[in-house]
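**Student:** Pasting a structure here, questions to come.
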Amino acid sequence: MTRFYNRVVAKRTTQKWVSALGPEKMTAAEISGKRGSKWPFKSYEAFWYPEYDICQSPIIDDAGKVRKFDIVIADQVWEHLEFPYRGTQNVLRNLKKGGYFLVVTPFYVKYHPAPTDCTRWSARGLKNLLTEAGFDPDHIKSAQWGNRACAKADFGKNWGRYDSERDSLENDPEFPVMSWALAQKV
């Protein structure tokens with residue numbers, strides 16, 4: 001199975017993080033993507049950006065009430081948001097007390113508008129964004145991974161595909177390609 005080289009370590013790490021939470025007991029919402037559909041959540045719904053813009057409002061029901069989830073996932077979408085701080089505040093509003101926000105985003109990848117491409121974060125930058133939006137910094141874990149070979153692979157016409165025989169997953173802390181964080185609402 002081929003995967004995007006730049007996402008291998010983030011996917012492995014976040015898989016462990018979410019699996020440790022007991023996903024079978026959790027209600028989940030995902031802002032774009034379908035990564036969450038692969039976990040055995042109690043319930044799962046996807047809300048596609050830009051048709052649904054988390055920056056404009058939290059997820060609401062037909063009566064206009066803010067919906068609450070145990071986890072909200074945003075994998076490879078936060079860099080496209082026009083107002084990520086506002087979007088992060090809206091995610092916080094959508095979480096039940098004790099709920100989690102998983103965000104995975106690139107740091108060093110090529111420009112890729114879908115429909116826009118606005119921001120990049122390191123692991124520290126994600127933690128700062130989450131803290132400023134209202135998450136308790138003591139309940140945020142963040143990480144980053146990357147190396148020059150992975151970054152170089154992404155700058156071709158297509159995204160680099162991971163080949164375990166050829167590609168190194170050794171981390172160069174001074175050359176992050178991908179960052180991710182898991183924040184809990186307390």
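Simple scheme: letters A, B, ... for chains in structure tokens order, numbers from 1 for residues in each chain, numbers from 1 for ligands in the order shown.
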As a VMD selection string, please: the residues near segment 43-53 of chain A (cut-off 7 Å, only C-alpha atoms, same-chain neighbours under 2 positions excluded).
**Tutor:** chain A and resid 26 to 32 37 41 55 to 56
**Student:** Would you save the residues from that selection as an mmCIF file, in the first residue's frame, using C-alpha atoms?
**Tutor:**
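So the final result, stored in result34.cif, reads:
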data_model
loop_
_atom_site.group_PDB
_atom_site.id
_atom_site.type_symbol
_atom_site.label_atom_id
_atom_site.label_comp_id
_atom_site.auth_asym_id
_atom_site.auth_seq_id
_atom_site.Cartn_x
_atom_site.Cartn_y
_atom_site.Cartn_z
ATOM 1 C CA MET A 26 -16.944 8.229 21.207
ATOM 2 C CA THR A 27 -19.086 10.379 18.939
ATOM 3 C CA ALA A 28 -16.913 11.878 16.217
ATOM 4 C CA ALA A 29 -17.065 14.718 13.719
ATOM 5 C CA GLU A 30 -14.487 15.335 11.039
ATOM 6 C CA ILE A 31 -13.825 18.607 9.268
ATOM 7 C CA SER A 32 -13.034 17.414 5.736
ATOM 8 C CA SER A 37 -14.166 6.737 9.191
ATOM 9 C CA PHE A 41 -16.299 5.313 16.624
ATOM 10 C CA CYS A 55 -14.617 29.405 10.717
ATOM 11 C CA GLN A 56 -18.138 30.753 10.224
#
**Student:** Within 10 Å of Gly160 of chain A, counting only C-alpha atoms, which residues show up once you throw out same-chain ones fewer than 5 positions away? Write them as a compact mmCIF listing (two decimals) with N, CA and C atoms, in the first residue's frame, please.
**Tutor:**
# COMPACT_ATOMS: atom_id res chain seq x y z
N THR A 2 0.64 2.14 -0.91
CA THR A 2 1.41 3.38 -0.95
C THR A 2 0.68 4.44 -0.14
N ARG A 3 1.45 5.26 0.51
CA ARG A 3 0.91 6.37 1.29
C ARG A 3 1.75 7.60 1.01
N PHE A 4 1.19 8.73 1.30
CA PHE A 4 1.98 9.94 1.19
C PHE A 4 3.10 9.87 2.20
N TYR A 5 4.30 10.05 1.74
CA TYR A 5 5.50 9.98 2.58
C TYR A 5 5.39 10.94 3.75
N ASN A 6 4.91 12.16 3.49
CA ASN A 6 4.87 13.17 4.54
C ASN A 6 3.86 12.87 5.65
N ARG A 7 2.99 11.90 5.46
CA ARG A 7 1.95 11.62 6.46
C ARG A 7 2.17 10.33 7.27
N ALA A 149 14.74 14.55 2.99
CA ALA A 149 14.37 13.64 1.89
C ALA A 149 12.86 13.66 1.66
N CYS A 150 12.10 13.68 2.72
CA CYS A 150 10.63 13.74 2.59
C CYS A 150 10.22 15.06 1.96
N ALA A 151 10.78 16.16 2.45
CA ALA A 151 10.44 17.47 1.90
C ALA A 151 10.76 17.52 0.41
N LYS A 152 11.90 17.00 0.03
CA LYS A 152 12.30 17.00 -1.37
C LYS A 152 11.32 16.18 -2.22
N ALA A 153 10.88 15.04 -1.68
CA ALA A 153 9.94 14.18 -2.41
C ALA A 153 8.62 14.89 -2.70
N ASP A 154 8.24 15.81 -1.83
CA ASP A 154 6.96 16.54 -1.99
C ASP A 154 7.02 17.66 -3.01
N PHE A 155 8.19 18.03 -3.45
CA PHE A 155 8.28 19.18 -4.34
C PHE A 155 8.25 18.81 -5.82
**Student:** Determine which residues of segment 5-102 of chain A receive a DSSP assignment of strand (DSSP E or B), computed from the backbone, and state them as a list in words.
**Tutor:** Thr27, Ala28, Ala29, Glu30, Ile31, Ser43, Tyr44, Glu45, Ala46, Phe47, Ile60, Val66, Phe69, Asp70, Ile71, Val72, Ile73, Ala74, Asp75, Leu95, Lys96, Lys97, Gly98, Gly99, Tyr100, Phe101 and Leu102 of chain A
**Student:** May I have the selected residues written with N, CA, C and O atoms, as a compact mmCIF listing (two decimals), in the first residue's frame?
**Tutor:**
# COMPACT_ATOMS: atom_id res chain seq x y z
N THR A 27 -18.43 9.78 20.09
CA THR A 27 -19.09 10.38 18.94
C THR A 27 -18.06 11.28 18.27
O THR A 27 -17.35 12.03 18.94
N ALA A 28 -17.97 11.18 16.94
CA ALA A 28 -16.91 11.88 16.22
C ALA A 28 -17.47 12.72 15.08
O ALA A 28 -18.43 12.34 14.41
N ALA A 29 -16.81 13.86 14.88
CA ALA A 29 -17.06 14.72 13.72
C ALA A 29 -15.72 14.97 13.06
O ALA A 29 -14.71 15.11 13.75
N GLU A 30 -15.72 15.04 11.75
CA GLU A 30 -14.49 15.33 11.04
C GLU A 30 -14.72 16.51 10.11
O GLU A 30 -15.71 16.56 9.38
N ILE A 31 -13.79 17.47 10.16
CA ILE A 31 -13.83 18.61 9.27
C ILE A 31 -12.98 18.24 8.05
O ILE A 31 -11.76 18.26 8.11
N SER A 43 -20.24 6.79 16.75
CA SER A 43 -20.87 7.44 15.59
C SER A 43 -19.84 8.36 14.96
O SER A 43 -18.91 8.83 15.63
N TYR A 44 -20.02 8.60 13.66
CA TYR A 44 -19.06 9.40 12.90
C TYR A 44 -19.80 10.19 11.83
O TYR A 44 -20.65 9.63 11.12
N GLU A 45 -19.48 11.48 11.72
CA GLU A 45 -20.03 12.33 10.68
C GLU A 45 -18.92 13.19 10.10
O GLU A 45 -18.06 13.68 10.83
N ALA A 46 -18.96 13.39 8.78
CA ALA A 46 -17.99 14.25 8.10
C ALA A 46 -18.68 15.53 7.65
O ALA A 46 -19.82 15.50 7.18
N PHE A 47 -17.99 16.65 7.80
CA PHE A 47 -18.46 17.96 7.39
C PHE A 47 -17.37 18.52 6.48
O PHE A 47 -16.27 18.79 6.92
N ILE A 60 -23.93 22.94 13.93
CA ILE A 60 -25.21 23.13 14.61
C ILE A 60 -26.24 22.13 14.08
O ILE A 60 -26.10 21.60 12.98
N VAL A 66 -25.90 24.23 19.07
CA VAL A 66 -24.54 23.72 18.87
C VAL A 66 -24.50 22.24 19.21
O VAL A 66 -24.92 21.83 20.28
N PHE A 69 -19.65 16.79 20.49
CA PHE A 69 -18.99 15.55 20.11
C PHE A 69 -17.90 15.22 21.13
O PHE A 69 -17.39 16.09 21.81
N ASP A 70 -17.53 13.93 21.17
CA ASP A 70 -16.42 13.50 22.01
C ASP A 70 -15.07 13.79 21.36
O ASP A 70 -14.07 13.95 22.06
N ILE A 71 -15.06 13.84 20.03
CA ILE A 71 -13.83 14.15 19.30
C ILE A 71 -14.17 14.84 17.98
O ILE A 71 -15.16 14.49 17.34
N VAL A 72 -13.36 15.81 17.64
CA VAL A 72 -13.42 16.46 16.33
C VAL A 72 -12.04 16.27 15.70
O VAL A 72 -11.02 16.50 16.35
N ILE A 73 -12.04 15.85 14.45
CA ILE A 73 -10.81 15.55 13.73
C ILE A 73 -10.67 16.54 12.57
O ILE A 73 -11.64 16.79 11.84
N ALA A 74 -9.47 17.06 12.41
CA ALA A 74 -9.15 17.92 11.26
C ALA A 74 -7.78 17.48 10.76
O ALA A 74 -6.76 17.88 11.31
N ASP A 75 -7.76 16.65 9.74
CA ASP A 75 -6.53 16.09 9.21
C ASP A 75 -6.27 16.69 7.84
O ASP A 75 -7.01 16.41 6.88
N LEU A 95 -17.14 20.61 21.32
CA LEU A 95 -16.69 19.47 22.14
C LEU A 95 -17.46 19.37 23.45
O LEU A 95 -17.72 20.38 24.11
N LYS A 96 -17.76 18.14 23.82
CA LYS A 96 -18.28 17.88 25.16
C LYS A 96 -17.14 18.12 26.15
O LYS A 96 -15.97 18.06 25.77
N LYS A 97 -17.47 18.35 27.40
CA LYS A 97 -16.43 18.44 28.43
C LYS A 97 -15.67 17.11 28.42
O LYS A 97 -16.27 16.04 28.42
N GLY A 98 -14.35 17.19 28.38
CA GLY A 98 -13.52 16.00 28.30
C GLY A 98 -13.27 15.55 26.87
O GLY A 98 -12.52 14.60 26.64
N GLY A 99 -13.88 16.23 25.89
CA GLY A 99 -13.72 15.87 24.49
C GLY A 99 -12.37 16.29 23.93
O GLY A 99 -11.63 17.06 24.54
N TYR A 100 -12.05 15.78 22.75
CA TYR A 100 -10.73 15.98 22.14
C TYR A 100 -10.82 16.60 20.75
O TYR A 100 -11.76 16.33 20.01
N PHE A 101 -9.79 17.35 20.43
CA PHE A 101 -9.60 17.88 19.08
C PHE A 101 -8.28 17.35 18.56
O PHE A 101 -7.22 17.61 19.15
N LEU A 102 -8.32 16.61 17.46
CA LEU A 102 -7.12 16.12 16.79
C LEU A 102 -6.92 16.93 15.53
O LEU A 102 -7.80 16.96 14.66
**Student:** Per residue of segment 57-89 of chain A within 12 Å of segment 129-148 of chain A, record the nearest atom pair and its distance in Å to one decimal, counting only C-alpha atoms, with rows in chain order and ascending residue number, as CSV.
**Tutor:**
residue,atom,partner,partner_atom,distance
A:Trp78,CA,A:Leu129,CA,11.1
A:Phe83,CA,A:Leu129,CA,11.5
A:Pro84,CA,A:Leu129,CA,8.4
A:Tyr85,CA,A:Ala133,CA,6.2
A:Arg86,CA,A:Ala133,CA,7.5
A:Gly87,CA,A:Ala133,CA,8.9
A:Thr88,CA,A:Ala133,CA,6.1
A:Gln89,CA,A:Ala133,CA,5.1
**Student:** Keeping C-alpha atoms for every residue in the selection just given, could you write it to a file as a CSV table (one decimal), in the first residue's frame?
**Tutor:**
chain,number,residue,atom,x,y,z
A,78,TRP,CA,-6.4,23.7,9.0
A,83,PHE,CA,-9.5,32.1,10.0
A,84,PRO,CA,-8.0,29.1,11.8
A,85,TYR,CA,-8.1,30.8,15.2
A,86,ARG,CA,-11.9,31.3,14.9
A,87,GLY,CA,-12.3,27.8,13.5
A,88,THR,CA,-10.4,26.4,16.5
A,89,GLN,CA,-12.7,28.3,18.9
**Student:** Chain A: which residues are helix (DSSP H, G or I) by DSSP, as a PyMOL selection string?
**Tutor:** chain A and resi 5-19+23-25+35-38+78-80+84-94+123-133+137-139+148-154
**Student:** Can you pull out every residue within 6 Å of segment 104-112 of chain A, counting only C-alpha atoms, but drop anything in the same chain fewer than 3 positions away, and send it as a list in words?
**Tutor:**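 Near neighbours after the sequence-gap exclusion: Asp75, Gln76, Asp117, Arg120, Trp121, Ser122, Val177, Met178, Ser179 and Trp180 of chain A.
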**Student:** Using only C-alpha atoms, find the one residue out of A:Arg67, A:Leu21, A:Pro58, A:Thr13 that sits nearest to Ala181 of chain A.
**Tutor:**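 Checking each candidate against Ala181 of chain A, we get A:Thr13 as the closest.
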**Student:** Counting only C-alpha atoms, which of A:Lys25, A:Arg166, A:Lys34, A:His80 gets nearest to Thr119 of chain A?
**Tutor:**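 For Thr119 of chain A, the nearest of the candidates is A:His80.
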**Student:** Counting only C-alpha atoms, which residue out of A:Gly125, A:Gly64, A:Pro115, A:Pro176 sits closest to Ala10 of chain A?
**Tutor:**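 Ranking A:Gly125, A:Gly64, A:Pro115, A:Pro176 by distance to Ala10 of chain A, first place goes to A:Pro176.
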**Student:** Point out the residue among A:Val91, A:Leu182, A:Gly33, A:Lys157 with the least atom-to-atom distance to Lys127 of chain A, counting only C-alpha atoms.
**Tutor:** A:Leu182
